[in-house]
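The file model29.txt contains compact mmCIF, C-alpha atoms:
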# COMPACT_ATOMS: atom_id res chain seq x y z
CA MET A 1 0.00 0.00 0.00
CA ARG A 2 2.80 2.35 0.88
CA ALA A 3 4.52 1.59 -2.42
CA HIS A 4 1.42 2.61 -4.38
CA LEU A 5 1.23 5.96 -2.58
CA LEU A 6 4.88 6.72 -3.36
CA ALA A 7 4.38 5.95 -7.07
CA PHE A 8 1.34 8.23 -7.26
CA ALA A 9 3.23 11.12 -5.62
CA LEU A 10 6.13 10.73 -8.05
CA LEU A 11 3.78 10.81 -11.08
CA ALA A 12 2.06 13.96 -9.81
CA SER A 13 5.43 15.66 -9.35
CA LEU A 14 6.48 14.88 -12.91
CA LEU A 15 3.23 16.21 -14.40
CA SER A 16 3.57 19.41 -12.41
CA SER A 17 7.15 19.89 -13.65
CA CYS A 18 6.10 19.43 -17.31
CA GLY A 19 3.32 22.00 -16.98
CA ASN A 20 5.66 24.64 -15.57
CA GLN A 21 8.15 24.08 -18.43
CA THR A 22 5.47 24.65 -21.06
CA ASP A 23 4.48 28.03 -19.60
CA THR A 24 8.08 29.23 -19.62
CA VAL A 25 8.57 28.62 -23.42
CA ALA A 26 5.34 30.34 -24.49
CA THR A 27 5.89 33.50 -22.50
CA PRO A 28 8.77 35.00 -24.58
CA ALA A 29 6.80 34.58 -27.89
CA GLN A 30 3.86 36.49 -26.49
CA SER A 31 5.99 39.38 -25.28
CA SER A 32 8.05 40.10 -28.57
CA SER A 33 8.77 43.92 -28.93
CA PRO A 34 7.99 46.16 -32.04
CA THR A 35 10.77 46.94 -34.53
CA SER A 36 12.48 50.25 -33.80
CA VAL A 37 12.73 52.57 -36.85
CA GLU A 38 13.95 56.10 -37.47
CA ALA A 39 11.30 58.35 -39.00
CA VAL A 40 11.31 61.58 -41.01
CA THR A 41 8.48 63.91 -41.96
CA VAL A 42 7.26 64.28 -45.55
CA ALA A 43 7.93 67.84 -46.76
CA SER A 44 5.86 69.79 -49.30
CA ARG A 45 7.39 72.49 -51.51
CA LYS A 46 7.61 73.63 -55.13
CA LEU A 47 10.41 72.17 -57.19
CA ASP A 48 13.00 74.82 -58.06
CA MET A 49 16.30 73.45 -59.33
CA ASN A 50 18.81 73.57 -62.16
CA THR A 51 20.01 70.59 -64.12
CA SER A 52 22.78 70.21 -66.71
CA LEU A 53 21.69 69.21 -70.20
CA PRO A 54 23.75 68.66 -73.36
CA ALA A 55 22.93 71.03 -76.22
CA GLN A 56 24.31 72.12 -79.57
CA LEU A 57 24.98 75.45 -81.23
CA LEU A 58 23.71 75.73 -84.80
CA PRO A 59 23.80 78.64 -87.25
CA TYR A 60 20.63 80.69 -87.29
CA GLU A 61 20.61 80.44 -91.09
CA SER A 62 22.52 78.03 -93.31
CA VAL A 63 22.23 77.50 -97.05
CA ASP A 64 23.92 75.36 -99.67
CA ILE A 65 24.40 77.25 -102.93
CA TYR A 66 23.41 75.28 -106.04
CA PRO A 67 23.32 76.72 -109.58
CA ARG A 68 19.90 77.10 -111.17
CA VAL A 69 21.23 76.45 -114.68
CA THR A 70 23.87 74.12 -116.05
CA GLY A 71 27.14 75.78 -117.00
CA PHE A 72 30.86 76.00 -116.44
CA LEU A 73 32.14 77.73 -113.31
CA ASP A 74 33.83 80.75 -114.85
CA SER A 75 35.03 82.46 -111.66
CA ILE A 76 34.54 82.18 -107.90
CA ARG A 77 35.44 84.98 -105.51
CA VAL A 78 35.11 83.25 -102.14
CA ASP A 79 36.69 80.38 -100.28
CA VAL A 80 36.31 78.69 -96.91
CA GLY A 81 36.31 81.33 -94.17
CA SER A 82 35.34 84.22 -96.44
CA HIS A 83 32.93 86.74 -94.91
CA VAL A 84 30.26 87.82 -97.39
CA ARG A 85 27.47 90.38 -97.32
CA LYS A 86 23.94 89.98 -98.56
CA GLY A 87 23.78 90.58 -102.33
CA GLU A 88 27.54 90.29 -102.82
CA GLU A 89 28.56 88.46 -106.00
CA LEU A 90 30.01 85.05 -105.20
CA MET A 91 30.65 83.45 -108.59
CA ARG A 92 29.88 83.53 -112.30
CA LEU A 93 29.00 80.70 -114.66
CA SER A 94 29.18 80.59 -118.45
CA ALA A 95 26.65 78.77 -120.64
CA PRO A 96 27.20 79.23 -124.41
CA GLU A 97 23.88 77.57 -125.22
CA LEU A 98 22.06 80.37 -123.41
CA VAL A 99 23.72 82.90 -125.71
CA ALA A 100 22.31 81.00 -128.69
CA GLN A 101 18.90 80.81 -127.08
CA ARG A 102 18.96 84.55 -126.44
CA ALA A 103 19.84 85.24 -130.11
CA GLN A 104 16.97 83.03 -131.24
CA ALA A 105 14.58 84.71 -128.83
CA GLU A 106 15.62 88.17 -130.00
CA ALA A 107 15.18 87.13 -133.64
CA ALA A 108 11.73 85.78 -132.83
CA VAL A 109 10.78 89.09 -131.23
CA HIS A 110 11.95 91.03 -134.28
CA GLY A 111 10.11 88.66 -136.64
CA THR A 112 6.81 88.88 -134.77
CA GLU A 113 7.12 92.66 -134.50
CA SER A 114 7.63 92.83 -138.29
CA GLN A 115 4.59 90.64 -138.86
CA LEU A 116 2.57 92.86 -136.58
CA ALA A 117 3.66 95.97 -138.49
CA SER A 118 2.67 94.37 -141.81
CA ALA A 119 -0.72 93.32 -140.43
CA GLN A 120 -1.33 96.79 -139.05
CA ALA A 121 -0.38 98.38 -142.42
CA LYS A 122 -2.71 96.05 -144.31
CA LEU A 123 -5.50 96.80 -141.84
CA ALA A 124 -5.01 100.54 -142.33
CA SER A 125 -5.07 100.16 -146.15
CA ASP A 126 -8.15 97.96 -146.20
CA GLN A 127 -9.86 100.18 -143.65
CA GLY A 128 -9.34 103.15 -145.99
CA THR A 129 -10.71 101.21 -148.96
CA TYR A 130 -13.80 100.17 -147.01
CA THR A 131 -14.40 103.73 -145.84
CA HIS A 132 -14.14 105.03 -149.40
CA LEU A 133 -16.52 102.38 -150.82
CA ALA A 134 -19.00 102.87 -148.01
CA ALA A 135 -19.11 106.61 -148.72
CA ALA A 136 -19.50 106.06 -152.48
CA ALA A 137 -22.26 103.50 -151.96
CA LYS A 138 -24.49 106.22 -150.58
CA THR A 139 -24.93 107.41 -154.18
CA PRO A 140 -27.15 104.87 -155.97
CA GLY A 141 -25.48 102.99 -158.82
CA VAL A 142 -21.92 104.17 -158.13
CA VAL A 143 -20.62 101.10 -156.21
CA ALA A 144 -22.09 97.65 -156.00
CA GLN A 145 -23.27 96.70 -152.52
CA ASN A 146 -21.38 93.41 -152.74
CA ASP A 147 -18.09 95.28 -153.09
CA VAL A 148 -18.82 97.15 -149.89
CA LEU A 149 -19.54 93.87 -148.03
CA VAL A 150 -16.30 92.31 -149.33
CA ALA A 151 -14.29 95.33 -148.16
CA GLU A 152 -15.97 95.18 -144.76
CA GLN A 153 -15.14 91.47 -144.31
CA THR A 154 -11.55 92.15 -145.36
CA VAL A 155 -11.23 94.75 -142.60
CA ILE A 156 -12.62 92.27 -140.05
CA ALA A 157 -10.09 89.64 -141.18
CA ASP A 158 -7.28 92.19 -140.98
CA LYS A 159 -8.25 93.04 -137.39
CA GLY A 160 -8.04 89.35 -136.50
CA ALA A 161 -4.60 89.10 -138.10
CA VAL A 162 -3.42 92.15 -136.12
CA GLY A 163 -4.67 90.60 -132.86
CA ALA A 164 -2.86 87.32 -133.61
CA ALA A 165 0.32 89.19 -134.48
CA GLU A 166 0.11 91.10 -131.17
CA HIS A 167 -0.19 87.82 -129.25
CA ASN A 168 2.82 86.45 -131.13
CA VAL A 169 4.84 89.51 -130.18
CA THR A 170 3.84 89.12 -126.52
CA ALA A 171 4.81 85.43 -126.53
CA ALA A 172 8.15 86.15 -128.19
CA ARG A 173 8.93 88.88 -125.68
CA ASP A 174 8.03 86.54 -122.79
CA SER A 175 10.36 83.92 -124.25
CA LEU A 176 13.16 86.49 -124.48
CA ARG A 177 12.47 87.57 -120.91
CA SER A 178 12.69 83.94 -119.78
CA VAL A 179 16.07 83.50 -121.45
CA SER A 180 17.27 86.76 -119.88
CA GLN A 181 16.11 85.47 -116.50
CA MET A 182 18.04 82.23 -117.01
CA GLU A 183 21.11 84.27 -117.94
CA SER A 184 20.79 86.19 -114.70
CA TYR A 185 21.19 82.88 -112.84
CA LEU A 186 24.72 82.66 -114.21
CA THR A 187 25.70 85.27 -111.63
CA ILE A 188 25.21 83.93 -108.08
CA SER A 189 25.04 86.30 -105.10
CA ALA A 190 24.93 85.79 -101.33
CA PRO A 191 21.35 85.43 -100.04
CA PHE A 192 22.36 86.78 -96.60
CA SER A 193 25.44 87.94 -94.74
CA GLY A 194 27.57 85.18 -93.29
CA VAL A 195 30.67 83.04 -93.59
CA VAL A 196 31.59 80.50 -96.26
CA THR A 197 32.14 77.19 -94.45
CA MET A 198 32.45 74.83 -97.42
CA ARG A 199 33.60 75.00 -101.04
CA ASN A 200 33.45 72.02 -103.38
CA LEU A 201 34.19 73.30 -106.91
CA HIS A 202 36.83 75.33 -108.68
CA PRO A 203 36.83 77.38 -111.92
CA GLY A 204 36.28 75.28 -115.04
CA ALA A 205 34.05 72.72 -113.35
CA LEU A 206 30.76 71.83 -114.99
CA THR A 207 27.88 72.23 -112.58
CA GLY A 208 24.12 72.53 -112.56
CA PRO A 209 21.00 70.35 -112.80
CA ALA A 210 22.23 68.52 -115.91
CA ALA A 211 25.85 68.13 -114.78
CA GLY A 212 25.47 64.68 -113.19
CA GLN A 213 27.39 63.98 -110.01
CA ALA A 214 29.11 67.39 -110.08
CA GLY A 215 25.73 69.12 -110.02
CA ALA A 216 24.53 67.05 -107.06
CA GLN A 217 26.84 68.82 -104.62
CA PRO A 218 26.64 72.48 -103.60
CA ILE A 219 29.29 74.87 -104.83
CA VAL A 220 29.60 76.60 -101.44
CA ARG A 221 27.81 76.69 -98.10
CA ILE A 222 27.10 79.94 -96.25
CA VAL A 223 26.13 80.16 -92.59
CA ASP A 224 25.05 83.10 -90.45
CA THR A 225 27.38 83.21 -87.43
CA ASN A 226 26.23 86.56 -86.02
CA ARG A 227 23.17 84.87 -84.57
CA LEU A 228 23.06 81.24 -83.48
CA ARG A 229 20.47 78.73 -82.39
CA LEU A 230 21.14 76.85 -79.16
CA VAL A 231 19.14 73.63 -79.58
CA VAL A 232 18.35 71.89 -76.30
CA PRO A 233 16.49 68.53 -76.21
CA ILE A 234 14.55 68.71 -72.93
CA PRO A 235 13.67 65.35 -71.31
CA GLU A 236 9.95 64.90 -70.89
CA ALA A 237 10.22 64.80 -67.09
CA GLU A 238 12.11 68.13 -66.99
CA VAL A 239 9.93 70.27 -69.26
CA GLY A 240 8.39 72.03 -66.24
CA GLU A 241 7.29 75.64 -66.48
CA MET A 242 9.21 76.93 -69.52
CA LYS A 243 8.48 80.42 -70.81
CA GLU A 244 9.65 82.20 -73.94
CA GLY A 245 12.11 84.94 -73.02
CA GLN A 246 13.37 83.08 -69.95
CA SER A 247 17.17 83.39 -69.69
CA VAL A 248 19.28 80.22 -69.61
CA ALA A 249 22.98 79.94 -68.82
CA PHE A 250 25.35 77.69 -70.75
CA THR A 251 29.05 76.93 -71.05
CA VAL A 252 31.25 75.82 -73.95
CA PRO A 253 34.42 73.68 -73.75
CA ALA A 254 36.43 76.28 -75.70
CA TYR A 255 36.03 78.86 -72.88
CA PRO A 256 36.19 76.99 -69.55
CA GLY A 257 34.88 78.98 -66.60
CA GLU A 258 33.03 81.50 -68.80
CA ILE A 259 29.23 81.54 -68.61
CA PHE A 260 27.04 82.69 -71.48
CA HIS A 261 23.33 83.52 -71.40
CA ALA A 262 20.56 83.37 -73.99
CA PRO A 263 16.75 83.66 -73.88
CA ILE A 264 14.33 80.88 -74.79
CA ALA A 265 13.01 81.84 -78.25
CA ARG A 266 11.07 78.86 -79.59
CA ILE A 267 9.39 75.89 -77.88
CA ALA A 268 8.22 72.93 -79.94
CA HIS A 269 5.33 72.06 -77.56
CA ASP A 270 5.61 68.50 -78.83
CA VAL A 271 7.53 65.53 -77.45
CA ASP A 272 9.59 63.50 -79.91
CA LEU A 273 8.32 59.94 -79.60
CA SER A 274 11.70 58.40 -80.45
CA THR A 275 13.73 60.31 -77.85
CA ARG A 276 10.99 61.43 -75.40
CA THR A 277 12.42 64.95 -75.49
CA MET A 278 11.01 68.35 -76.44
CA HIS A 279 12.90 70.55 -78.91
CA VAL A 280 13.65 74.02 -77.50
CA GLU A 281 15.68 76.75 -79.20
CA LEU A 282 17.49 79.73 -77.68
CA ASP A 283 18.63 82.77 -79.65
CA VAL A 284 22.34 83.43 -79.10
CA GLN A 285 23.78 86.75 -80.24
CA ASN A 286 27.31 86.27 -81.53
CA PRO A 287 28.42 89.54 -83.15
CA ASN A 288 32.13 88.94 -82.50
CA GLY A 289 32.06 85.37 -83.80
CA LYS A 290 33.37 84.02 -80.52
CA LEU A 291 31.03 81.03 -80.50
CA VAL A 292 31.31 78.47 -83.28
CA PRO A 293 28.32 76.72 -84.91
CA GLY A 294 28.35 72.97 -84.38
CA SER A 295 29.83 73.17 -80.88
CA PHE A 296 28.40 71.00 -78.13
CA VAL A 297 27.61 72.96 -74.98
CA THR A 298 26.23 72.32 -71.50
CA ALA A 299 23.06 74.22 -70.64
CA THR A 300 22.11 74.90 -67.01
CA TRP A 301 18.42 74.23 -67.44
CA PRO A 302 15.94 75.56 -64.84
CA VAL A 303 13.31 73.02 -63.74
CA ARG A 304 10.22 74.49 -62.08
CA ARG A 305 6.80 73.17 -61.07
CA ALA A 306 3.69 75.27 -60.68
CA THR A 307 2.35 73.13 -57.81
CA ALA A 308 3.99 71.76 -54.68
CA SER A 309 5.52 68.27 -54.61
CA MET A 310 6.16 65.87 -51.74
CA PHE A 311 9.83 65.29 -50.82
CA VAL A 312 11.46 62.53 -48.78
CA PRO A 313 15.10 61.46 -48.35
CA THR A 314 16.31 59.24 -51.16
CA SER A 315 16.90 56.45 -48.62
CA SER A 316 13.18 56.46 -47.77
CA VAL A 317 12.31 55.03 -51.19
CA THR A 318 12.82 51.33 -51.78
CA ALA A 319 11.52 48.73 -54.18
CA ASP A 320 10.83 45.05 -54.56
CA GLN A 321 10.14 43.13 -57.74
CA GLN A 322 6.66 44.66 -58.12
CA HIS A 323 6.51 48.01 -56.33
CA THR A 324 8.40 51.21 -55.61
CA PHE A 325 7.27 52.43 -52.21
CA VAL A 326 7.90 54.32 -49.02
CA ILE A 327 6.98 52.98 -45.57
CA ARG A 328 4.57 55.28 -43.79
CA ILE A 329 4.09 54.91 -40.04
CA ARG A 330 0.47 55.04 -38.99
CA ASN A 331 -0.96 53.97 -35.61
CA GLY A 332 2.25 52.21 -34.65
CA LYS A 333 2.31 50.04 -37.76
CA ALA A 334 4.27 50.08 -41.01
CA GLU A 335 2.24 50.87 -44.16
CA TRP A 336 3.64 50.43 -47.65
CA VAL A 337 2.67 53.35 -49.94
CA ASN A 338 3.34 52.94 -53.66
CA VAL A 339 4.99 56.02 -55.21
CA GLN A 340 6.54 57.32 -58.39
CA THR A 341 9.76 59.28 -58.13
CA GLY A 342 10.66 62.56 -59.79
CA GLU A 343 13.66 64.88 -59.50
CA THR A 344 16.35 64.55 -56.83
CA VAL A 345 17.47 67.72 -55.03
CA ASN A 346 20.12 67.83 -52.29
CA GLY A 347 19.58 64.25 -51.18
CA GLU A 348 15.79 64.42 -51.34
CA VAL A 349 13.58 63.00 -54.06
CA GLU A 350 10.15 63.99 -55.34
CA VAL A 351 7.54 61.33 -54.71
CA PHE A 352 4.05 61.13 -56.16
CA GLY A 353 1.48 58.93 -54.49
CA ASP A 354 -0.92 58.79 -51.53
CA LEU A 355 1.29 60.93 -49.32
CA HIS A 356 0.61 64.21 -47.53
CA ALA A 357 2.77 66.86 -45.92
CA GLY A 358 3.46 65.91 -42.31
CA ASP A 359 3.24 62.14 -42.82
CA GLN A 360 5.98 60.17 -41.11
CA VAL A 361 7.97 57.69 -43.16
CA VAL A 362 10.86 55.39 -42.35
CA ARG A 363 14.17 57.13 -43.09
CA THR A 364 15.92 53.98 -44.34
CA ALA A 365 13.26 51.85 -45.97
CA SER A 366 13.62 48.14 -46.63
CA ASP A 367 11.27 45.40 -47.73
CA SER A 368 12.33 43.55 -44.56
CA ILE A 369 9.89 45.86 -42.74
CA ARG A 370 6.67 44.19 -43.75
CA ASN A 371 3.38 45.90 -44.44
CA GLY A 372 1.34 45.97 -41.21
CA GLN A 373 4.31 45.16 -38.98
CA ALA A 374 4.34 46.84 -35.56
CA VAL A 375 7.06 49.48 -35.22
CA SER A 376 8.28 51.91 -32.61
CA VAL A 377 9.37 55.34 -33.81
CA ARG A 378 12.32 57.48 -33.00
CA VAL A 379 12.10 60.82 -34.84
CA ALA A 380 15.19 61.80 -36.81
CA LYS A 381 16.47 65.28 -37.39
CA GLN A 382 15.64 66.66 -40.85
CA SER A 383 18.72 67.16 -43.00
Please express the file's structure as structure tokens.
Amino acid sequence: MRAHLLAFALLASLLSSCGNQTDTVATPAQSSSPTSVEAVTVASRKLDMNTSLPAQLLPYESVDIYPRVTGFLDSIRVDVGSHVRKGEELMRLSAPELVAQRAQAEAAVHGTESQLASAQAKLASDQGTYTHLAAAAKTPGVVAQNDVLVAEQTVIADKGAVGAAEHNVTAARDSLRSVSQMESYLTISAPFSGVVTMRNLHPGALTGPAAGQAGAQPIVRIVDTNRLRLVVPIPEAEVGEMKEGQSVAFTVPAYPGEIFHAPIARIAHDVDLSTRTMHVELDVQNPNGKLVPGSFVTATWPVRRATASMFVPTSSVTADQQHTFVIRIRNGKAEWVNVQTGETVNGEVEVFGDLHAGDQVVRTASDSIRNGQAVSVRVAKQS
């Protein structure tokens, strides 16, 4: 009997020991503490920054000079680097066939004028005859009425011949004027003031529309260097609040440390689908020829927004395979907020999403902080 009581007491002691051990393991899991994070406040302000963009200087005007007529280059007065003024003679061509065409046109004019004079003389003679017969016919029996009718019809025919001769004279003169106009194309003048930047032909060369390969290339190229176009391709995200007349600074490699300025003159208002950029032109005055067309420059482009944007430190934005997000802290829990990023300014980045000024977000975000996870906050100083 005593042995049974001892066995029962031992079993009760073991069960009690097992129950106490189970309570000790469960207690730490129930009392796990929230993750401690450093938080910053979302700031709201208008974007106002400058960014560096590559650009190119182009001549305000540029033209390749081709001859209008086919001929031999008789003389050329300019070469690469020559400064020319508007209307200044550049070169002369010779075309012997035009001389022959002019002689033929002049002969045609003289011939038609002679025919017109003969027709006018015949009309005057026949008009006199008709007038005389018409007057005589008023006396009965003096002139047959048929003779009067024949004279009248002759005058009408003569008037038609005079009209045709006048048209022939006009056509011949127009033809002569056309040949004279073609001859004027043998002398080529500068269409505007500028500098000759290319010359392909020399005296004696055959050029013009019918000259084959030689006529396919320009004789010279003239560019206007007193006024240049600064062409800036603006990325779609940096178009911002551009205004015509707004001054923009730029630098060129040829003059390190020197800053130039030019106003915005023309805005394309259309994004190129292949490059996702907008074409913008600035007018650059270059009276001393210091800047050279074709140079690549760096433009300090102002980026502005009309409305305020939300800003957070760049470290507050993180991403996984599906989302770009910040971690907002609300009611002691982490909340993933999907965002799109914009410009970066002084270590802070624009973010667009369901954020508001004053929201608290984790300074150093990571996808290891899960959505809905309990967190404890220590506020960081704003940089």
Name the residues in contact with Ser309 of chain A at a cut-off of 12 Å, using only C-alpha atoms, excluding same-chain residues fewer than 3 positions from it; report them as a PyMOL selection string. chain A and resi 42-48+304-306+312+340-345+348-357
Would you please work out which residue, of A:Leu273, A:Ala308, A:Arg227, A:Ala216, is nearest to Pro287 of chain A when using all atoms listed in the file?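 Selected residue with least distance to Pro287 of chain A: A:Arg227.
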If we count all atoms listed in the file and set the cut-off at 12 Å, which residues sit around Ile264 of chain A, ignoring sequence neighbours fewer than 5 positions away in its own chain? Please answer as a PyMOL selection string. chain A and resi 229-232+242-249+279-284+299+301-302
Would you compute, for all listed atoms of segment 184-187 of chain A, the axis-aligned bounding box grown by 5 Å on each side, and then report its centre and edge lengths in Å rounded to one decimal, as AutoDock Vina command-line options?
--center_x 23.2 --center_y 84.4 --center_z -113.2 --size_x 14.9 --size_y 13.5 --size_z 13.1
When you look at segment 163-167 of chain A with a cut-off of 8 Å (counting all atoms listed in the file), what residues show up, excluding the ones that are within fewer than 5 positions of it in the same chain? I need them as an MDAnalysis selection string. chainID A and resid 112:113 115:116 119
Select, from A:Val362, A:Ala161, A:Val155, A:Leu176, the residue with the minimum atom-to-atom distance to Lys333 of chain A, counting all atoms listed in the file. A:Val362
Option closest in space to Met91 of chain A, from A:Ser114, A:Thr170, A:Gln145, A:Thr187 [counting only C-alpha atoms]: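 Residue with the minimum atom-to-atom distance to Met91 of chain A: A:Thr187.
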Please provide the set of residues having any atom within 9 Å of Thr70 of chain A, restricted to only C-alpha atoms, with same-chain residues fewer than 6 positions apart removed, written as a list in words.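 In the requested form, the answer reads Leu93, Ser94, Ala95, Leu186, Leu206, Thr207, Gly208, Pro209, Ala210, Ala211 and Gly215 of chain A.
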